[in-house]
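Asks: Mind having a look at this structure? Questions to follow.
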Amino acid sequence: MKVMKFGGTSVGSAESMLRVKSIVEKQTEPVIVVVSALGGITDKLIKTSQMAVEGDALYQKSFEEIKQRHEEMIDAVIPAGEKRNELQTKVNGLLEELRSIYQGVYLIRDLSSKIQAAIVSYGERISSQIVATLIDGAECFDSREFIKTEFKAGKNRLVKELTNKLVCQNWEKIPQTSIVGGFISTDVESGEVTNLGRGGSDYTASIIAAALNASVLEIWTDVDGFMTADPRVISSAYVIPELSYIEAMELSNFGAKVVYPPTIYPVCIKHIPILIKNTFNPDAPGSIIKDEVQDDSRSIKGISSIKGTTLITVSGLSMVGVIGVNRRIFTCLADNGISVFMVSQASSENSTSIGVQDEDADEACRVLDLEFQKEIEDGSMFPMLAEKGLATVAIVGENMKHTPGIAGKLFGTLGRSGISVIACAQGASETNISFVINQNFLRKALNVIHDSFFLSEYQVLNLFICGVGTVGSSLIE
């Protein structure tokens with residue numbers, strides 16, 4: 001048995017929807033297919049709810065566009081007849097429920113997180129019904145019945161043991177083709193609709209695959225696999241055939257959008273490989289993520305980046321030699337639901353810099369100023385210093401630990417290109433070197449690093465083999 005997940009672009013048009021049908025119906029072993037909402041629908045659902053709560057009567061027009069999008073999809077992929085009529089009845093019922101919720105939001109001008117979660121759930125609830133009708137012999141399952149969450153530290157967290165138990169009970173007998181709407185879940189205590197966050201359909205698929213010990217988790221998307229860098233920025237980026245779980249996790253955490261980061265852990269501990277495939281190019285081999293990769297001489301596997309970084313510096317002479325300062329910093333941020341993705345600390349211990357997303361920066365500074373209010377007042381610490389307009393770049397590869405000079409080559413490349421590094425971090429595992437730069441230099445940095453680590457090592461030889469006598473100019477803008 002395998003689990004296959006198809007994202008929004010894979011179910012975003014009639015053509016892509018029919019590709020999904022073809023791919024799934026070719027499978028010889030039982031499959032559980034997890035689908036996202038139709039491409040763009042989740043954003044449209046959220047935008048319409050914001051219009052309604054702000055008292056904008058045009059929310060009704062926006063809702064009609066959502067309805068029309070689903071109706072057009074049904075007409076395009078489901079032949080006229082009894083099956084289409086039954087599907088239209090189900091979908092119309094769901095859309096009328098959604099219309100009533102929007103009307104309530106508009107009338108009372110209130111949009112709680114509970115109502116918002118209920119609204120966005122309709123994307124997957126409707127798309128799963130369409131896909132289940134489209135694919136011959138498919139059975140539709142409601143993920144709200146077995147994906148359970150609890151609210152902790154400002155987020156909905158998976159209740160793992162109960163979820164695994166319910167998943168196993170739900171698929172005590174596994175049909176040839178099961179269809180599940182990803183992303184959505186229910187609170188374990190209240191039974192109210194919740195969700196696993198943006199990218200949560202990947203996570204849903206991983207949870208199911210791990211609980212049922214699937215042979216493989218396939219993530220079907222609109223790219224051929226994990227790339228050495230963002231192909232929209234680096235024209236010479238190419239697919240990485242194999243990655244370890246650690247490499248994939250590091251790349252995903254630092255901006256690679258191929259896999260939602262929490263997806264990797266459930267299947268990793270069960271040693272279930274993840275195969276990244278392209279719905280629009282199904283014959284491409286894709287990328288495989290697994291425990292161990294074949295011998296690979298490449299020192300780094302890929303480059304990823306995060307725009308919109310703010311670097312917050314906590315500093316003061318009172319930090320030197322004082323036990324527990326970092327504990328206070330990270331406990332304070334965690335208690336307020338603020339995620340830190342990078343840490344850089346001076347060896348003198350008089351400052352610690354943390355990387356957060358721009359949208360979290362002001363709140364992070366506020367809560368840290370409150371946490372260290374006494375020390376700030378007596379002058380032993382300074383108020384939080386936030387530097388915005390930055391980007392974080394990470395180079396990732398497990399072979400870096402066996403290759404001397406990687407950091408020197410990296411920072412030498414950046415220095416020769418006139419790019420200043422504001423902060424950097426490298427763990428003892430040596431699988432990731434992360435650094436912060438001015439966001440204006442991000443595109444240039446990505447190009448010169450890719451040129452240095454990939455073009456120089458792997459493409460120069462190919463250029464000569466193909467008869468090109470000299471290497472062309474670099475990709476620097």
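Order determines the names: the first chain of the structure tokens is A, the second B, and so forth; residues in each chain are numbered 1 upward, and ligands are numbered 1 upward as they are shown.
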As a PyMOL selection string, please: every residue in range 384-431 of chain A that DSSP puts in helix (DSSP H, G or I).

Replies: chain A and resi 398-402+406-416

Asks: Put those residues in a file: all heavy atoms, as a compact mmCIF listing (two decimals), in the first residue's frame.

Replies:
# COMPACT_ATOMS: atom_id res chain seq x y z
N GLU A 398 25.01 16.56 3.87
CA GLU A 398 25.63 15.75 4.91
C GLU A 398 27.12 15.54 4.66
O GLU A 398 27.89 15.28 5.59
CB GLU A 398 24.91 14.41 5.03
CG GLU A 398 23.52 14.53 5.64
CD GLU A 398 23.06 13.26 6.32
OE1 GLU A 398 23.40 13.07 7.50
OE2 GLU A 398 22.38 12.47 5.65
N ASN A 399 27.56 15.63 3.41
CA ASN A 399 28.98 15.43 3.11
C ASN A 399 29.85 16.61 3.51
O ASN A 399 31.08 16.52 3.44
CB ASN A 399 29.17 15.14 1.62
CG ASN A 399 28.87 13.70 1.27
OD1 ASN A 399 28.73 12.87 2.16
ND2 ASN A 399 28.75 13.41 0.00
N MET A 400 29.24 17.72 3.93
CA MET A 400 30.05 18.85 4.37
C MET A 400 30.93 18.49 5.56
O MET A 400 32.02 19.02 5.73
CB MET A 400 29.15 20.04 4.75
CG MET A 400 28.48 20.69 3.57
SD MET A 400 27.87 22.36 3.92
CE MET A 400 26.71 22.05 5.24
N LYS A 401 30.44 17.55 6.40
CA LYS A 401 31.20 17.18 7.59
C LYS A 401 32.50 16.46 7.23
O LYS A 401 33.39 16.34 8.05
CB LYS A 401 30.35 16.29 8.50
CG LYS A 401 30.02 14.92 7.93
CD LYS A 401 29.10 14.12 8.84
CE LYS A 401 27.71 14.67 8.82
NZ LYS A 401 26.74 13.81 9.54
N HIS A 402 32.60 15.95 6.02
CA HIS A 402 33.81 15.23 5.61
C HIS A 402 34.68 16.06 4.67
O HIS A 402 35.68 15.56 4.17
CB HIS A 402 33.43 13.92 4.90
CG HIS A 402 32.55 13.03 5.72
ND1 HIS A 402 32.90 12.59 6.98
CD2 HIS A 402 31.32 12.51 5.47
CE1 HIS A 402 31.93 11.82 7.46
NE2 HIS A 402 30.95 11.77 6.56
N ILE A 406 34.79 24.12 3.36
CA ILE A 406 33.49 24.53 2.80
C ILE A 406 33.14 25.96 3.25
O ILE A 406 32.76 26.81 2.43
CB ILE A 406 32.37 23.56 3.23
CG1 ILE A 406 32.59 22.19 2.60
CG2 ILE A 406 31.00 24.11 2.82
CD1 ILE A 406 32.49 22.18 1.11
N ALA A 407 33.26 26.22 4.57
CA ALA A 407 32.93 27.55 5.08
C ALA A 407 33.84 28.61 4.46
O ALA A 407 33.39 29.71 4.09
CB ALA A 407 33.03 27.58 6.60
N GLY A 408 35.13 28.28 4.31
CA GLY A 408 36.05 29.23 3.71
C GLY A 408 35.68 29.55 2.28
O GLY A 408 35.72 30.71 1.85
N LYS A 409 35.34 28.51 1.52
CA LYS A 409 34.93 28.71 0.13
C LYS A 409 33.66 29.55 0.05
O LYS A 409 33.54 30.45 -0.79
CB LYS A 409 34.72 27.36 -0.54
CG LYS A 409 34.34 27.44 -2.02
CD LYS A 409 34.24 26.04 -2.62
CE LYS A 409 33.86 26.09 -4.09
NZ LYS A 409 33.76 24.74 -4.70
N LEU A 410 32.69 29.25 0.95
CA LEU A 410 31.42 29.98 0.96
C LEU A 410 31.63 31.46 1.22
O LEU A 410 31.19 32.32 0.44
CB LEU A 410 30.49 29.38 2.02
CG LEU A 410 29.23 30.18 2.35
CD1 LEU A 410 28.30 30.21 1.14
CD2 LEU A 410 28.50 29.57 3.55
N PHE A 411 32.31 31.77 2.33
CA PHE A 411 32.45 33.18 2.70
C PHE A 411 33.43 33.91 1.79
O PHE A 411 33.30 35.12 1.57
CB PHE A 411 32.85 33.29 4.18
CG PHE A 411 31.79 32.78 5.11
CD1 PHE A 411 32.03 31.72 5.95
CD2 PHE A 411 30.52 33.36 5.11
CE1 PHE A 411 31.04 31.23 6.81
CE2 PHE A 411 29.52 32.88 5.96
CZ PHE A 411 29.78 31.81 6.80
N GLY A 412 34.41 33.17 1.22
CA GLY A 412 35.28 33.78 0.23
C GLY A 412 34.50 34.18 -1.01
O GLY A 412 34.71 35.27 -1.57
N THR A 413 33.61 33.31 -1.45
CA THR A 413 32.77 33.60 -2.62
C THR A 413 31.92 34.84 -2.38
O THR A 413 31.81 35.71 -3.25
CB THR A 413 31.87 32.39 -2.93
OG1 THR A 413 32.69 31.26 -3.27
CG2 THR A 413 30.93 32.68 -4.08
N LEU A 414 31.30 34.90 -1.21
CA LEU A 414 30.46 36.06 -0.88
C LEU A 414 31.28 37.33 -0.79
O LEU A 414 30.89 38.39 -1.30
CB LEU A 414 29.72 35.81 0.44
CG LEU A 414 28.69 34.68 0.43
CD1 LEU A 414 28.20 34.40 1.85
CD2 LEU A 414 27.50 35.03 -0.46
N GLY A 415 32.45 37.25 -0.14
CA GLY A 415 33.30 38.42 0.02
C GLY A 415 33.77 38.97 -1.32
O GLY A 415 33.76 40.20 -1.54
N ARG A 416 34.19 38.10 -2.22
CA ARG A 416 34.65 38.56 -3.54
C ARG A 416 33.53 39.20 -4.34
O ARG A 416 33.78 39.98 -5.27
CB ARG A 416 35.24 37.39 -4.32
CG ARG A 416 36.61 36.92 -3.81
CD ARG A 416 37.25 35.93 -4.76
NE ARG A 416 36.47 34.70 -4.88
CZ ARG A 416 36.60 33.65 -4.06
NH1 ARG A 416 37.46 33.71 -3.04
NH2 ARG A 416 35.87 32.56 -4.24

Asks: Find the spatial neighbours of Ile312 in chain A, counting only C-alpha atoms, within a cut-off of 6 Å - ignore same-chain residues fewer than 6 positions away - and output them as an mmCIF file with C-alpha atoms, in the first residue's frame.

Replies:
data_model
loop_
_atom_site.group_PDB
_atom_site.id
_atom_site.type_symbol
_atom_site.label_atom_id
_atom_site.label_comp_id
_atom_site.auth_asym_id
_atom_site.auth_seq_id
_atom_site.Cartn_x
_atom_site.Cartn_y
_atom_site.Cartn_z
ATOM 1 C CA SER A 353 21.035 37.158 17.806
ATOM 2 C CA ILE A 354 17.924 35.295 16.727
ATOM 3 C CA LEU A 385 17.577 45.690 18.636
ATOM 4 C CA ALA A 386 15.717 44.551 15.514
#

Asks: Would you kindly return, as a PyMOL selection string, each protein, DNA or RNA residue with an atom no farther than 6 Å from any atom of range 298-308 of chain A, considering only C-alpha atoms and excluding same-chain residues fewer than 6 positions away?

Replies: chain A and resi 228-229+251+254-256+357-358+391-397+399-400

Asks: Export C-alpha atoms of the chosen residues as a short mmCIF file (atom, residue, chain, number, x, y, z; two decimals), in the first residue's frame?

Replies:
data_model
loop_
_atom_site.label_atom_id
_atom_site.label_comp_id
_atom_site.auth_asym_id
_atom_site.auth_seq_id
_atom_site.Cartn_x
_atom_site.Cartn_y
_atom_site.Cartn_z
CA THR A 228 19.72 22.42 -6.05
CA ALA A 229 18.25 25.93 -5.78
CA LEU A 251 16.27 22.53 2.97
CA PHE A 254 15.01 27.17 5.18
CA GLY A 255 12.56 27.94 2.44
CA ALA A 256 12.40 25.05 -0.04
CA GLN A 357 10.02 36.12 10.37
CA ASP A 358 9.21 39.80 9.80
CA ALA A 391 17.22 37.27 4.18
CA THR A 392 18.55 33.96 5.49
CA VAL A 393 20.44 31.57 3.22
CA ALA A 394 21.35 27.96 4.02
CA ILE A 395 23.68 25.58 2.23
CA VAL A 396 22.90 21.96 3.10
CA GLY A 397 24.63 18.63 2.67
CA ASN A 399 28.98 15.43 3.11
CA MET A 400 30.05 18.85 4.37
#

Asks: Determine, counting only C-alpha atoms, which protein, DNA and RNA residues have an atom within 10 Å of an atom of Ile174 in chain A; residues of the same chain fewer than 5 positions away are not included. Present the result as an MDAnalysis selection string.

Replies: chainID A and resid 1 30:32 168 212

Asks: Using only C-alpha atoms, which protein or nucleic acid residues come within 8 Å of Cys268 in chain A? Drop anything in the same chain fewer than 6 positions from it, and give the result as number ranges by chain.

Replies: A: 245, 290-291

Asks: Where does DSSP see strand (DSSP E) in range 104-208 of chain A, if you list the residues as a PyMOL selection string?

Replies: chain A and resi 139-141+148-152+155-158+177-181+184-187+193-195

Asks: Please, could you write that set of residues out with N, CA, C and O atoms as an mmCIF file, in the first residue's frame?

Replies:
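Once written, selection.cif looks like this:
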data_model
loop_
_atom_site.group_PDB
_atom_site.id
_atom_site.type_symbol
_atom_site.label_atom_id
_atom_site.label_comp_id
_atom_site.auth_asym_id
_atom_site.auth_seq_id
_atom_site.Cartn_x
_atom_site.Cartn_y
_atom_site.Cartn_z
ATOM 1 N N GLU A 139 -13.213 5.386 -2.973
ATOM 2 C CA GLU A 139 -14.045 5.641 -1.801
ATOM 3 C C GLU A 139 -13.515 6.887 -1.089
ATOM 4 O O GLU A 139 -12.305 7.044 -0.940
ATOM 5 N N CYS A 140 -14.414 7.760 -0.658
ATOM 6 C CA CYS A 140 -14.033 9.021 -0.024
ATOM 7 C C CYS A 140 -14.078 8.889 1.496
ATOM 8 O O CYS A 140 -15.042 8.344 2.059
ATOM 9 N N PHE A 141 -13.034 9.386 2.170
ATOM 10 C CA PHE A 141 -12.957 9.361 3.630
ATOM 11 C C PHE A 141 -12.773 10.791 4.141
ATOM 12 O O PHE A 141 -12.110 11.609 3.498
ATOM 13 N N LYS A 148 -6.740 14.150 14.717
ATOM 14 C CA LYS A 148 -7.154 14.842 15.936
ATOM 15 C C LYS A 148 -6.045 15.777 16.436
ATOM 16 O O LYS A 148 -4.868 15.420 16.431
ATOM 17 N N THR A 149 -6.460 16.961 16.892
ATOM 18 C CA THR A 149 -5.505 17.953 17.387
ATOM 19 C C THR A 149 -5.910 18.454 18.768
ATOM 20 O O THR A 149 -7.042 18.255 19.210
ATOM 21 N N GLU A 150 -4.953 19.103 19.425
ATOM 22 C CA GLU A 150 -5.230 19.820 20.660
ATOM 23 C C GLU A 150 -4.526 21.169 20.580
ATOM 24 O O GLU A 150 -3.491 21.303 19.921
ATOM 25 N N PHE A 151 -5.087 22.165 21.256
ATOM 26 C CA PHE A 151 -4.550 23.527 21.167
ATOM 27 C C PHE A 151 -3.498 23.735 22.240
ATOM 28 O O PHE A 151 -3.788 23.676 23.437
ATOM 29 N N LYS A 152 -2.241 23.959 21.802
ATOM 30 C CA LYS A 152 -1.129 24.186 22.737
ATOM 31 C C LYS A 152 -0.224 25.274 22.185
ATOM 32 O O LYS A 152 0.096 25.273 21.001
ATOM 33 N N LYS A 155 -1.113 27.005 18.945
ATOM 34 C CA LYS A 155 -1.243 26.267 17.697
ATOM 35 C C LYS A 155 -1.985 24.959 17.919
ATOM 36 O O LYS A 155 -2.028 24.444 19.036
ATOM 37 N N ASN A 156 -2.554 24.439 16.823
ATOM 38 C CA ASN A 156 -3.175 23.119 16.879
ATOM 39 C C ASN A 156 -2.096 22.055 16.688
ATOM 40 O O ASN A 156 -1.425 22.031 15.659
ATOM 41 N N ARG A 157 -1.927 21.221 17.696
ATOM 42 C CA ARG A 157 -0.893 20.186 17.665
ATOM 43 C C ARG A 157 -1.535 18.816 17.495
ATOM 44 O O ARG A 157 -2.591 18.525 18.083
ATOM 45 N N LEU A 158 -0.887 17.979 16.716
ATOM 46 C CA LEU A 158 -1.410 16.637 16.472
ATOM 47 C C LEU A 158 -1.427 15.815 17.758
ATOM 48 O O LEU A 158 -0.450 15.802 18.510
ATOM 49 N N THR A 177 -8.667 2.108 -3.854
ATOM 50 C CA THR A 177 -8.397 3.549 -3.928
ATOM 51 C C THR A 177 -9.225 4.289 -2.883
ATOM 52 O O THR A 177 -10.458 4.216 -2.895
ATOM 53 N N SER A 178 -8.525 4.969 -1.993
ATOM 54 C CA SER A 178 -9.178 5.804 -0.983
ATOM 55 C C SER A 178 -8.823 7.257 -1.262
ATOM 56 O O SER A 178 -7.680 7.578 -1.591
ATOM 57 N N ILE A 179 -9.798 8.144 -1.107
ATOM 58 C CA ILE A 179 -9.572 9.582 -1.304
ATOM 59 C C ILE A 179 -9.802 10.301 0.023
ATOM 60 O O ILE A 179 -10.813 10.073 0.698
ATOM 61 N N VAL A 180 -8.863 11.166 0.385
ATOM 62 C CA VAL A 180 -8.940 11.894 1.653
ATOM 63 C C VAL A 180 -8.642 13.369 1.402
ATOM 64 O O VAL A 180 -7.684 13.697 0.688
ATOM 65 N N GLY A 181 -9.431 14.239 1.988
ATOM 66 C CA GLY A 181 -9.107 15.661 1.970
ATOM 67 C C GLY A 181 -8.040 15.946 3.010
ATOM 68 O O GLY A 181 -8.200 15.625 4.182
ATOM 69 N N ILE A 184 -7.302 19.266 6.953
ATOM 70 C CA ILE A 184 -8.316 19.498 7.975
ATOM 71 C C ILE A 184 -8.302 18.410 9.050
ATOM 72 O O ILE A 184 -7.900 17.277 8.819
ATOM 73 N N SER A 185 -8.781 18.788 10.241
ATOM 74 C CA SER A 185 -8.772 17.916 11.407
ATOM 75 C C SER A 185 -9.853 18.394 12.362
ATOM 76 O O SER A 185 -10.596 19.327 12.052
ATOM 77 N N THR A 186 -9.944 17.758 13.538
ATOM 78 C CA THR A 186 -10.882 18.214 14.569
ATOM 79 C C THR A 186 -10.209 18.221 15.925
ATOM 80 O O THR A 186 -9.291 17.436 16.186
ATOM 81 N N ASP A 187 -10.667 19.122 16.788
ATOM 82 C CA ASP A 187 -10.135 19.206 18.146
ATOM 83 C C ASP A 187 -10.582 18.004 18.955
ATOM 84 O O ASP A 187 -11.756 17.610 18.922
ATOM 85 N N VAL A 193 -13.886 21.898 14.064
ATOM 86 C CA VAL A 193 -12.967 21.775 12.937
ATOM 87 C C VAL A 193 -11.703 22.588 13.208
ATOM 88 O O VAL A 193 -11.756 23.745 13.620
ATOM 89 N N THR A 194 -10.556 21.961 12.968
ATOM 90 C CA THR A 194 -9.268 22.637 13.053
ATOM 91 C C THR A 194 -8.503 22.320 11.767
ATOM 92 O O THR A 194 -9.062 21.704 10.856
ATOM 93 N N ASN A 195 -7.255 22.720 11.703
ATOM 94 C CA ASN A 195 -6.437 22.325 10.555
ATOM 95 C C ASN A 195 -4.982 22.238 10.967
ATOM 96 O O ASN A 195 -4.591 22.693 12.039
#

Asks: Show me, as JSON, numbers by chain, the residues that have an atom within 9 Å of Ile264 in chain A when counting only C-alpha atoms, minus same-chain residues fewer than 4 positions from it.

Replies: {"A": [203, 206, 245, 246, 248, 249, 259, 260, 268, 269, 274]}

Asks: Convert the current residue selection to file output with C-alpha atoms, as a PDB file, in the first residue's frame.

Replies:
ATOM      1  CA  TYR A 203       1.424  16.369   6.794  1.00  0.00           C
ATOM      2  CA  SER A 206       2.654  11.555   6.129  1.00  0.00           C
ATOM      3  CA  TYR A 245      15.816  12.870   5.592  1.00  0.00           C
ATOM      4  CA  ILE A 246      18.134  15.338   7.354  1.00  0.00           C
ATOM      5  CA  ALA A 248      15.428  17.377   3.048  1.00  0.00           C
ATOM      6  CA  MET A 249      14.404  18.682   6.467  1.00  0.00           C
ATOM      7  CA  VAL A 259       7.735  19.544   1.175  1.00  0.00           C
ATOM      8  CA  TYR A 260       6.047  21.023   4.252  1.00  0.00           C
ATOM      9  CA  CYS A 268      11.397   9.194   8.846  1.00  0.00           C
ATOM     10  CA  ILE A 269      11.024   7.295  12.126  1.00  0.00           C
ATOM     11  CA  ILE A 274       9.348   9.993   0.286  1.00  0.00           C
TER      12      ILE A 274
END

Asks: I'd like to know which of A:Thr89, A:Val325, A:Gly8, A:Val131 is closest to Glu25 in chain A, using only C-alpha atoms.

Replies: A:Val131

Asks: Between A:Val24, A:Ile130, A:Ala211, A:Val159, which one has atoms that come closest to Thr279 in chain A, using only C-alpha atoms?

Replies: A:Val24

Asks: What separation in Å, quoted to one decimal, exists between CA of Ser36 in chain A and CA of Ala209 in chain A?

Replies: 16.4 Å

Asks: Using only C-alpha atoms, which of the listed residues (A:Gly199, A:Pro175, A:Gly286, A:Gly104) sits closest to Val223 in chain A?

Replies: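 When distances to Val223 in chain A are compared using only C-alpha atoms, the smallest one comes from A:Gly286.
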
Asks: Between A:Gln50, A:Asn85, A:Asn278, A:Gln345, which one has atoms that come closest to Gln426 in chain A, using only C-alpha atoms?

Replies: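 Distance minimum relative to Gln426 in chain A lands on A:Gln345.
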
Asks: Pick the closest to Lys2 in chain A from A:Ile288, A:Val33, A:Ile135, A:Arg84: which is it, counting only C-alpha atoms?

Replies: A:Val33

Asks: With distances taken over only C-alpha atoms, which of A:Thr263, A:Arg366, A:Lys277, A:Arg125 is nearest to Val239 in chain A?

Replies: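 Using only C-alpha atoms, the shortest distance to Val239 in chain A belongs to A:Lys277.
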
Asks: Would you give me, as JSON lines, each residue of range 149-237 of chain A having an atom within 12 Å of an atom of range 15-18 of chain A, along with its shortest atom pair and that distance in Å to one decimal, using only C-alpha atoms and sorting by chain and residue number?

Replies:
{"residue": "A:Trp220", "atom": "CA", "partner": "A:Ser16", "partner_atom": "CA", "distance": 11.3}
{"residue": "A:Thr221", "atom": "CA", "partner": "A:Ser16", "partner_atom": "CA", "distance": 10.6}
{"residue": "A:Asp222", "atom": "CA", "partner": "A:Ser16", "partner_atom": "CA", "distance": 10.0}
